[in-house]
>>> print(open('coords_10.csv').read())   # CSV, C-alpha atoms
chain,number,residue,atom,x,y,z
X,1,MET,CA,55.1,-27.4,10.0
X,2,ASP,CA,52.6,-27.1,7.2
X,3,LEU,CA,54.5,-25.7,4.3
X,4,LYS,CA,51.3,-24.9,2.4
X,5,ILE,CA,50.4,-22.0,4.8
X,6,ASN,CA,50.2,-18.8,2.7
X,7,LYS,CA,49.9,-15.4,4.2
X,8,LYS,CA,50.3,-13.6,0.9
X,9,THR,CA,47.1,-11.6,0.3
X,10,LYS,CA,46.3,-9.9,-2.9
X,11,PHE,CA,44.8,-6.4,-2.4
X,12,ILE,CA,42.1,-5.5,-5.0
X,13,ASP,CA,40.5,-2.0,-5.2
X,14,LEU,CA,37.3,-2.2,-7.1
X,15,GLY,CA,36.4,1.4,-6.6
X,16,LEU,CA,32.7,2.3,-6.9
X,17,ILE,CA,31.0,-0.9,-8.2
X,18,ASP,CA,27.4,-2.1,-8.5
X,19,TYR,CA,26.6,-4.2,-5.5
X,20,LYS,CA,25.5,-7.3,-7.5
X,21,GLU,CA,28.6,-7.1,-9.7
X,22,GLY,CA,30.8,-6.9,-6.6
X,23,TRP,CA,28.9,-9.8,-5.0
X,24,ASP,CA,29.4,-11.9,-8.1
X,25,TYR,CA,33.1,-11.1,-8.1
X,26,GLN,CA,33.4,-12.1,-4.5
X,27,GLU,CA,31.5,-15.3,-5.1
X,28,LYS,CA,33.8,-16.3,-8.0
X,29,LEU,CA,37.0,-15.9,-5.9
X,30,PHE,CA,35.4,-17.5,-2.8
X,31,LEU,CA,34.3,-20.6,-4.8
X,32,GLU,CA,37.7,-20.9,-6.4
X,33,VAL,CA,39.4,-21.0,-3.0
X,34,VAL,CA,36.8,-23.4,-1.5
X,35,ASN,CA,37.1,-25.7,-4.6
X,36,LEU,CA,40.9,-25.7,-4.3
X,37,LYS,CA,40.7,-26.7,-0.7
X,38,ILE,CA,38.3,-29.6,-1.6
X,39,ALA,CA,40.7,-30.7,-4.4
X,40,ASN,CA,43.7,-30.6,-2.1
X,41,ARG,CA,42.1,-33.1,0.3
X,42,SER,CA,42.5,-35.9,-2.3
X,43,LEU,CA,46.2,-35.1,-2.8
X,44,ASN,CA,49.3,-36.0,-0.9
X,45,PRO,CA,50.6,-33.0,1.2
X,46,GLU,CA,53.5,-32.4,-1.2
X,47,ASP,CA,51.2,-32.2,-4.1
X,48,GLN,CA,48.7,-29.8,-2.6
X,49,LYS,CA,48.5,-26.2,-3.8
X,50,GLU,CA,48.6,-23.1,-1.7
X,51,THR,CA,45.2,-21.4,-1.3
X,52,PRO,CA,45.2,-17.7,-2.2
X,53,ASN,CA,43.9,-14.9,0.0
X,54,TYR,CA,42.3,-11.6,-1.2
X,55,LEU,CA,41.5,-8.3,0.4
X,56,ILE,CA,38.9,-6.3,-1.6
X,57,PHE,CA,38.1,-2.6,-0.9
X,58,CYS,CA,35.2,-1.0,-2.7
X,59,SER,CA,32.1,1.2,-2.4
X,60,HIS,CA,28.7,0.8,-3.8
X,61,PRO,CA,25.9,3.0,-5.2
X,62,HIS,CA,23.0,3.3,-2.7
X,63,VAL,CA,21.9,-0.2,-1.7
X,64,TYR,CA,20.3,-2.0,1.2
X,65,THR,CA,21.3,-5.6,1.9
X,66,LEU,CA,19.5,-8.1,4.2
X,67,GLY,CA,21.4,-11.0,5.8
X,68,LYS,CA,19.9,-14.5,5.8
X,69,SER,CA,18.7,-14.2,9.4
X,70,GLY,CA,17.4,-10.6,9.0
X,71,ASP,CA,13.8,-9.3,9.0
X,72,GLN,CA,12.6,-7.6,5.8
X,73,ASN,CA,10.3,-5.4,7.9
X,74,HIS,CA,13.5,-3.6,8.9
X,75,LEU,CA,13.5,-2.0,5.4
X,76,LEU,CA,11.1,0.9,5.8
X,77,LEU,CA,10.8,1.6,2.0
X,78,ASP,CA,8.6,0.0,-0.7
X,79,ASP,CA,9.7,-0.5,-4.2
X,80,SER,CA,8.6,2.9,-5.5
X,81,GLU,CA,10.3,4.7,-2.6
X,82,LEU,CA,13.5,2.7,-3.2
X,83,SER,CA,13.4,3.9,-6.8
X,84,GLU,CA,12.9,7.5,-5.7
X,85,LYS,CA,16.0,7.3,-3.6
X,86,GLU,CA,18.0,5.6,-6.5
X,87,ALA,CA,18.6,2.7,-4.2
X,88,THR,CA,18.4,-1.1,-4.7
X,89,PHE,CA,17.7,-3.9,-2.3
X,90,TYR,CA,19.2,-7.4,-2.1
X,91,LYS,CA,18.7,-10.4,0.2
X,92,ILE,CA,22.1,-12.0,0.6
X,93,ASN,CA,23.9,-15.0,2.1
X,94,ARG,CA,25.8,-13.3,4.9
X,95,GLY,CA,25.0,-13.2,8.6
X,96,GLY,CA,23.4,-10.2,10.2
X,97,ASP,CA,20.3,-8.1,9.5
X,98,ILE,CA,19.9,-5.1,7.2
X,99,THR,CA,22.4,-2.5,6.4
X,100,TYR,CA,23.1,0.3,3.9
X,101,HIS,CA,26.0,0.7,1.5
X,102,GLY,CA,26.8,3.9,-0.4
X,103,PRO,CA,29.4,6.2,-1.7
X,104,GLY,CA,31.9,7.5,0.8
X,105,GLN,CA,31.9,4.2,2.7
X,106,ILE,CA,34.8,1.8,2.8
X,107,VAL,CA,33.4,-1.7,2.2
X,108,GLY,CA,35.9,-4.5,2.8
X,109,TYR,CA,35.6,-8.0,1.6
X,110,PRO,CA,38.4,-10.2,2.9
X,111,ILE,CA,38.3,-13.6,1.1
X,112,LEU,CA,40.7,-15.4,3.3
X,113,ASP,CA,41.5,-19.1,3.9
X,114,LEU,CA,41.6,-18.9,7.7
X,115,ASP,CA,43.7,-22.1,7.6
X,116,ASN,CA,46.4,-19.7,6.5
X,117,PHE,CA,45.9,-17.5,9.6
X,118,PHE,CA,43.8,-19.0,12.4
X,119,THR,CA,40.6,-21.1,12.5
X,120,ASP,CA,38.6,-19.0,14.9
X,121,ILE,CA,35.6,-17.0,13.6
X,122,HIS,CA,35.2,-15.0,16.8
X,123,LYS,CA,38.8,-13.9,16.6
X,124,TYR,CA,38.4,-13.1,12.9
X,125,LEU,CA,35.5,-10.8,13.6
X,126,ARG,CA,37.3,-9.1,16.5
X,127,TYR,CA,40.3,-8.5,14.2
X,128,LEU,CA,38.1,-6.8,11.6
X,129,GLU,CA,36.7,-4.6,14.4
X,130,GLU,CA,40.2,-3.9,15.8
X,131,ALA,CA,41.5,-2.7,12.5
X,132,VAL,CA,38.7,-0.1,12.4
X,133,ILE,CA,39.3,0.8,16.1
X,134,LEU,CA,43.0,1.4,15.4
X,135,THR,CA,42.1,3.5,12.3
X,136,LEU,CA,39.8,5.7,14.4
X,137,ALA,CA,42.5,6.1,17.0
X,138,ASP,CA,44.8,7.5,14.2
X,139,TYR,CA,42.3,10.3,14.0
X,140,GLY,CA,42.0,10.8,17.7
X,141,ILE,CA,38.6,9.0,18.0
X,142,GLU,CA,38.0,6.2,20.5
X,143,GLY,CA,36.0,3.4,19.1
X,144,GLY,CA,35.1,0.2,20.8
X,145,ARG,CA,32.7,-2.8,21.1
X,146,ILE,CA,29.3,-3.4,22.8
X,147,ASP,CA,28.7,-6.8,24.3
X,148,GLY,CA,26.4,-8.8,22.2
X,149,LEU,CA,26.6,-6.5,19.2
X,150,THR,CA,29.0,-6.8,16.3
X,151,GLY,CA,30.6,-3.8,14.7
X,152,VAL,CA,32.5,-0.8,16.0
X,153,TRP,CA,30.8,1.9,18.1
X,154,ILE,CA,31.5,5.4,19.3
X,155,ASP,CA,30.6,6.2,22.9
X,156,PHE,CA,30.4,2.5,23.3
X,157,GLU,CA,30.1,2.7,27.1
X,158,ASP,CA,27.2,5.0,26.9
X,159,LYS,CA,23.8,3.2,26.7
X,160,VAL,CA,22.1,6.4,25.4
X,161,ASN,CA,24.5,8.0,22.9
X,162,ALA,CA,26.3,4.9,21.5
X,163,ARG,CA,26.4,5.1,17.7
X,164,LYS,CA,27.7,2.6,15.1
X,165,ILE,CA,30.4,3.6,12.7
X,166,CYS,CA,31.2,0.2,11.2
X,167,ALA,CA,28.9,-2.8,10.5
X,168,LEU,CA,30.0,-6.4,10.0
X,169,GLY,CA,28.5,-9.4,8.3
X,170,VAL,CA,30.4,-12.4,7.1
X,171,LYS,CA,29.9,-15.8,5.5
X,172,THR,CA,32.3,-18.7,5.9
X,173,SER,CA,32.6,-22.2,4.4
X,174,ARG,CA,35.5,-24.6,5.0
X,175,TRP,CA,37.2,-21.7,6.9
X,176,VAL,CA,37.1,-19.5,3.8
X,177,THR,CA,35.5,-16.1,4.4
X,178,MET,CA,33.5,-13.6,2.3
X,179,HIS,CA,31.5,-10.4,2.8
X,180,GLY,CA,33.0,-8.4,5.6
X,181,PHE,CA,32.6,-4.8,6.9
X,182,ALA,CA,31.3,-1.4,6.0
X,183,PHE,CA,33.1,1.6,7.6
X,184,ASN,CA,31.2,4.9,7.3
X,185,VAL,CA,33.8,7.6,6.4
X,186,LEU,CA,32.0,10.2,4.1
X,187,THR,CA,28.7,8.4,4.1
X,188,ASP,CA,25.3,10.1,3.6
X,189,LEU,CA,23.8,9.0,6.9
X,190,THR,CA,20.3,10.1,5.9
X,191,TYR,CA,20.0,6.8,4.0
X,192,PHE,CA,20.1,4.9,7.4
X,193,ASN,CA,16.8,6.6,8.3
X,194,ASN,CA,15.1,4.2,5.8
X,195,ILE,CA,16.0,1.1,7.8
X,196,ILE,CA,16.3,-0.2,11.3
X,197,PRO,CA,20.1,-0.7,11.0
X,198,CYS,CA,21.2,-4.2,11.8
X,199,GLY,CA,17.8,-4.6,13.5
X,200,ILE,CA,18.8,-2.3,16.3
X,201,ASP,CA,16.2,0.5,16.9
X,202,ASP,CA,17.7,2.2,19.9
X,203,LYS,CA,21.2,3.1,18.6
X,204,ALA,CA,22.3,5.8,16.2
X,205,VAL,CA,24.7,5.6,13.2
X,206,THR,CA,27.6,7.9,12.6
X,207,SER,CA,30.6,8.5,10.2
X,208,LEU,CA,34.2,9.5,10.6
X,209,GLU,CA,33.3,12.8,8.9
X,210,LYS,CA,30.5,13.5,11.4
X,211,GLU,CA,32.8,12.6,14.4
X,212,LEU,CA,35.7,14.8,13.2
X,213,GLY,CA,33.5,17.7,12.1
X,214,GLU,CA,35.4,17.8,8.8
X,215,LYS,CA,36.0,15.7,5.7
X,216,PRO,CA,38.9,13.2,6.1
X,217,ASP,CA,40.8,12.1,3.0
X,218,LEU,CA,39.2,8.9,2.0
X,219,ALA,CA,42.3,7.5,0.3
X,220,GLU,CA,44.3,8.1,3.5
X,221,VAL,CA,41.7,6.4,5.7
X,222,GLU,CA,41.8,3.4,3.3
X,223,LYS,CA,45.6,3.3,3.5
X,224,ARG,CA,45.6,3.3,7.3
X,225,LEU,CA,42.9,0.7,7.5
X,226,LYS,CA,44.7,-1.6,5.1
X,227,GLN,CA,47.9,-1.3,7.1
X,228,HIS,CA,46.2,-2.2,10.3
X,229,LEU,CA,44.5,-5.2,8.7
X,230,ALA,CA,47.8,-6.5,7.3
X,231,LYS,CA,49.6,-6.1,10.7
X,232,LEU,CA,46.8,-7.8,12.7
X,233,PHE,CA,46.5,-10.7,10.4
X,234,LYS,CA,50.3,-10.8,9.6
X,235,MET,CA,49.4,-10.6,5.9
X,236,GLU,CA,52.0,-10.0,3.2
X,237,LEU,CA,49.9,-7.6,1.0
X,238,LEU,CA,50.4,-7.9,-2.7
X,239,PHE,CA,49.4,-5.2,-5.1
>>> encode(input="coords_10.csv", output="structure tokens")
Amino acid sequence: MDLKINKKTKFIDLGLIDYKEGWDYQEKLFLEVVNLKIANRSLNPEDQKETPNYLIFCSHPHVYTLGKSGDQNHLLLDDSELSEKEATFYKINRGGDITYHGPGQIVGYPILDLDNFFTDIHKYLRYLEEAVILTLADYGIEGGRIDGLTGVWIDFEDKVNARKICALGVKTSRWVTMHGFAFNVLTDLTYFNNIIPCGIDDKAVTSLEKELGEKPDLAEVEKRLKQHLAKLFKMELLF
């Protein structure tokens, strides 16, 4: 048995934070974990250090982000229109296409050493989705998946009315993760009209508020989501 496996995960709530500032913070933690893993390789097992894990929750001022394989034409605004909408735009190093982040959204950035959990990216993505699906179920809403498309969807079996409530985009290196998911809770959905979300032009976007027909308590949604993530990954959350 590998005594260096560590399921302790520090939870960090960054609140509303500028996207670039949050990205830089992620990168710092991510590189620290990757570099520790590299350093451990030159040490005897008994001398190796445990790699830490982090679960970051935050939200961002209005921003559009484009993954490394995305198409910039899926942003339907020019620089002046971005400025008018008080939004920013970044090309970033995650997978996926274009998405929107804004207030009222739960953005989750798990920075996990998957050697502490399981080394399976497909399973990792499905667990992130499942945590959101379980949170939706707490509110009486059925969420699910659509074959070939990441994220969580409402009316996912309906080819016409399916709508996305949570987007995913991750980066991994040496089994360490960064970036993550964006769950629309109290999100201003009009901002999605300015992009082709995730490059999908025949599906709508929704929020928990829209599906419920009332405003949920954001802190309560965060609490439930956090609990589901911890249970699925068998994390020991530290605060």
>>> residues_around(input="coords_10.csv", residues="Thr88 (chain X)", least_positions_apart="5", cutoff="12 Å", atoms="only C-alpha atoms", output="list of chain:residue names")
X:Asp18, X:Tyr19, X:Lys20, X:His60, X:Pro61, X:His62, X:Val63, X:Tyr64, X:Thr65, X:Leu66, X:Leu75, X:Leu77, X:Asp78, X:Asp79, X:Ser80, X:Glu81, X:Leu82, X:Ser83, X:Thr99, X:Tyr100, X:His101, X:Gly102, X:Tyr191
>>> closest_residue(input="coords_10.csv", among="X:Lys171, X:Arg126, X:Lys4, X:Lys49", to="Leu149 (chain X)", atoms="all atoms listed in the file")
X:Arg126
>>> closest_residue(input="coords_10.csv", among="X:Val34, X:Leu125, X:Leu186, X:Met178", to="Asn93 (chain X)", atoms="all atoms listed in the file")
X:Met178
>>> residues_around(input="coords_10.csv", residues="region 206-221 of chain X", least_positions_apart="3", cutoff="9 Å", atoms="all atoms listed in the file", output="PyMOL selection string")
chain X and resi 104-106+135-136+139-141+153-154+163-166+183-189+224-226
>>> write_last_selection(input="coords_10.csv", atoms="C-alpha atoms", output="mmCIF file, keeping the file's coordinate frame")
data_model
loop_
_atom_site.group_PDB
_atom_site.id
_atom_site.type_symbol
_atom_site.label_atom_id
_atom_site.label_comp_id
_atom_site.auth_asym_id
_atom_site.auth_seq_id
_atom_site.Cartn_x
_atom_site.Cartn_y
_atom_site.Cartn_z
ATOM 1 C CA GLY X 104 31.900 7.500 0.800
ATOM 2 C CA GLN X 105 31.900 4.200 2.700
ATOM 3 C CA ILE X 106 34.800 1.800 2.800
ATOM 4 C CA THR X 135 42.100 3.500 12.300
ATOM 5 C CA LEU X 136 39.800 5.700 14.400
ATOM 6 C CA TYR X 139 42.300 10.300 14.000
ATOM 7 C CA GLY X 140 42.000 10.800 17.700
ATOM 8 C CA ILE X 141 38.600 9.000 18.000
ATOM 9 C CA TRP X 153 30.800 1.900 18.100
ATOM 10 C CA ILE X 154 31.500 5.400 19.300
ATOM 11 C CA ARG X 163 26.400 5.100 17.700
ATOM 12 C CA LYS X 164 27.700 2.600 15.100
ATOM 13 C CA ILE X 165 30.400 3.600 12.700
ATOM 14 C CA CYS X 166 31.200 0.200 11.200
ATOM 15 C CA PHE X 183 33.100 1.600 7.600
ATOM 16 C CA ASN X 184 31.200 4.900 7.300
ATOM 17 C CA VAL X 185 33.800 7.600 6.400
ATOM 18 C CA LEU X 186 32.000 10.200 4.100
ATOM 19 C CA THR X 187 28.700 8.400 4.100
ATOM 20 C CA ASP X 188 25.300 10.100 3.600
ATOM 21 C CA LEU X 189 23.800 9.000 6.900
ATOM 22 C CA ARG X 224 45.600 3.300 7.300
ATOM 23 C CA LEU X 225 42.900 0.700 7.500
ATOM 24 C CA LYS X 226 44.700 -1.600 5.100
#
>>> closest_residue(input="coords_10.csv", among="X:Cys58, X:Ile133, X:Ala230, X:Ile196", to="Leu76 (chain X)", atoms="all atoms listed in the file")
X:Ile196
>>> build_atoms(input="coords_10.csv", residues="region 108-123 of chain X", atoms="N, CA and C atoms", output="PDB file, in the coordinates of the input")
ATOM      1  N   GLY X 108      34.839  -3.515   2.928  1.00  0.00           N
ATOM      2  CA  GLY X 108      35.900  -4.500   2.800  1.00  0.00           C
ATOM      3  C   GLY X 108      35.435  -5.883   2.745  1.00  0.00           C
ATOM      4  N   TYR X 109      35.941  -6.593   1.753  1.00  0.00           N
ATOM      5  CA  TYR X 109      35.600  -8.000   1.600  1.00  0.00           C
ATOM      6  C   TYR X 109      36.843  -8.848   1.630  1.00  0.00           C
ATOM      7  N   PRO X 110      37.237  -9.307   2.809  1.00  0.00           N
ATOM      8  CA  PRO X 110      38.400 -10.200   2.900  1.00  0.00           C
ATOM      9  C   PRO X 110      37.925 -11.628   2.456  1.00  0.00           C
ATOM     10  N   ILE X 111      38.581 -12.169   1.484  1.00  0.00           N
ATOM     11  CA  ILE X 111      38.300 -13.600   1.100  1.00  0.00           C
ATOM     12  C   ILE X 111      39.603 -14.311   1.473  1.00  0.00           C
ATOM     13  N   LEU X 112      39.570 -14.817   2.693  1.00  0.00           N
ATOM     14  CA  LEU X 112      40.700 -15.400   3.300  1.00  0.00           C
ATOM     15  C   LEU X 112      40.488 -16.897   3.572  1.00  0.00           C
ATOM     16  N   ASP X 113      41.504 -17.721   3.359  1.00  0.00           N
ATOM     17  CA  ASP X 113      41.500 -19.100   3.900  1.00  0.00           C
ATOM     18  C   ASP X 113      42.018 -19.011   5.289  1.00  0.00           C
ATOM     19  N   LEU X 114      41.142 -19.103   6.270  1.00  0.00           N
ATOM     20  CA  LEU X 114      41.600 -18.900   7.700  1.00  0.00           C
ATOM     21  C   LEU X 114      42.542 -20.046   8.096  1.00  0.00           C
ATOM     22  N   ASP X 115      42.636 -21.142   7.344  1.00  0.00           N
ATOM     23  CA  ASP X 115      43.700 -22.100   7.600  1.00  0.00           C
ATOM     24  C   ASP X 115      45.062 -21.537   7.439  1.00  0.00           C
ATOM     25  N   ASN X 116      45.144 -20.431   6.707  1.00  0.00           N
ATOM     26  CA  ASN X 116      46.400 -19.700   6.500  1.00  0.00           C
ATOM     27  C   ASN X 116      46.729 -18.784   7.689  1.00  0.00           C
ATOM     28  N   PHE X 117      45.740 -18.533   8.538  1.00  0.00           N
ATOM     29  CA  PHE X 117      45.900 -17.500   9.600  1.00  0.00           C
ATOM     30  C   PHE X 117      45.562 -18.152  10.964  1.00  0.00           C
ATOM     31  N   PHE X 118      44.288 -18.387  11.213  1.00  0.00           N
ATOM     32  CA  PHE X 118      43.800 -19.000  12.400  1.00  0.00           C
ATOM     33  C   PHE X 118      42.372 -19.457  12.201  1.00  0.00           C
ATOM     34  N   THR X 119      41.997 -20.600  12.728  1.00  0.00           N
ATOM     35  CA  THR X 119      40.600 -21.100  12.500  1.00  0.00           C
ATOM     36  C   THR X 119      39.776 -20.755  13.719  1.00  0.00           C
ATOM     37  N   ASP X 120      39.369 -19.486  13.778  1.00  0.00           N
ATOM     38  CA  ASP X 120      38.600 -19.000  14.900  1.00  0.00           C
ATOM     39  C   ASP X 120      37.741 -17.819  14.370  1.00  0.00           C
ATOM     40  N   ILE X 121      36.440 -18.048  14.158  1.00  0.00           N
ATOM     41  CA  ILE X 121      35.600 -17.000  13.600  1.00  0.00           C
ATOM     42  C   ILE X 121      35.421 -15.838  14.533  1.00  0.00           C
ATOM     43  N   HIS X 122      35.310 -16.121  15.820  1.00  0.00           N
ATOM     44  CA  HIS X 122      35.200 -15.000  16.800  1.00  0.00           C
ATOM     45  C   HIS X 122      36.413 -14.122  16.723  1.00  0.00           C
ATOM     46  N   LYS X 123      37.585 -14.712  16.679  1.00  0.00           N
ATOM     47  CA  LYS X 123      38.800 -13.900  16.600  1.00  0.00           C
ATOM     48  C   LYS X 123      38.866 -13.155  15.263  1.00  0.00           C
TER      49      LYS X 123
END
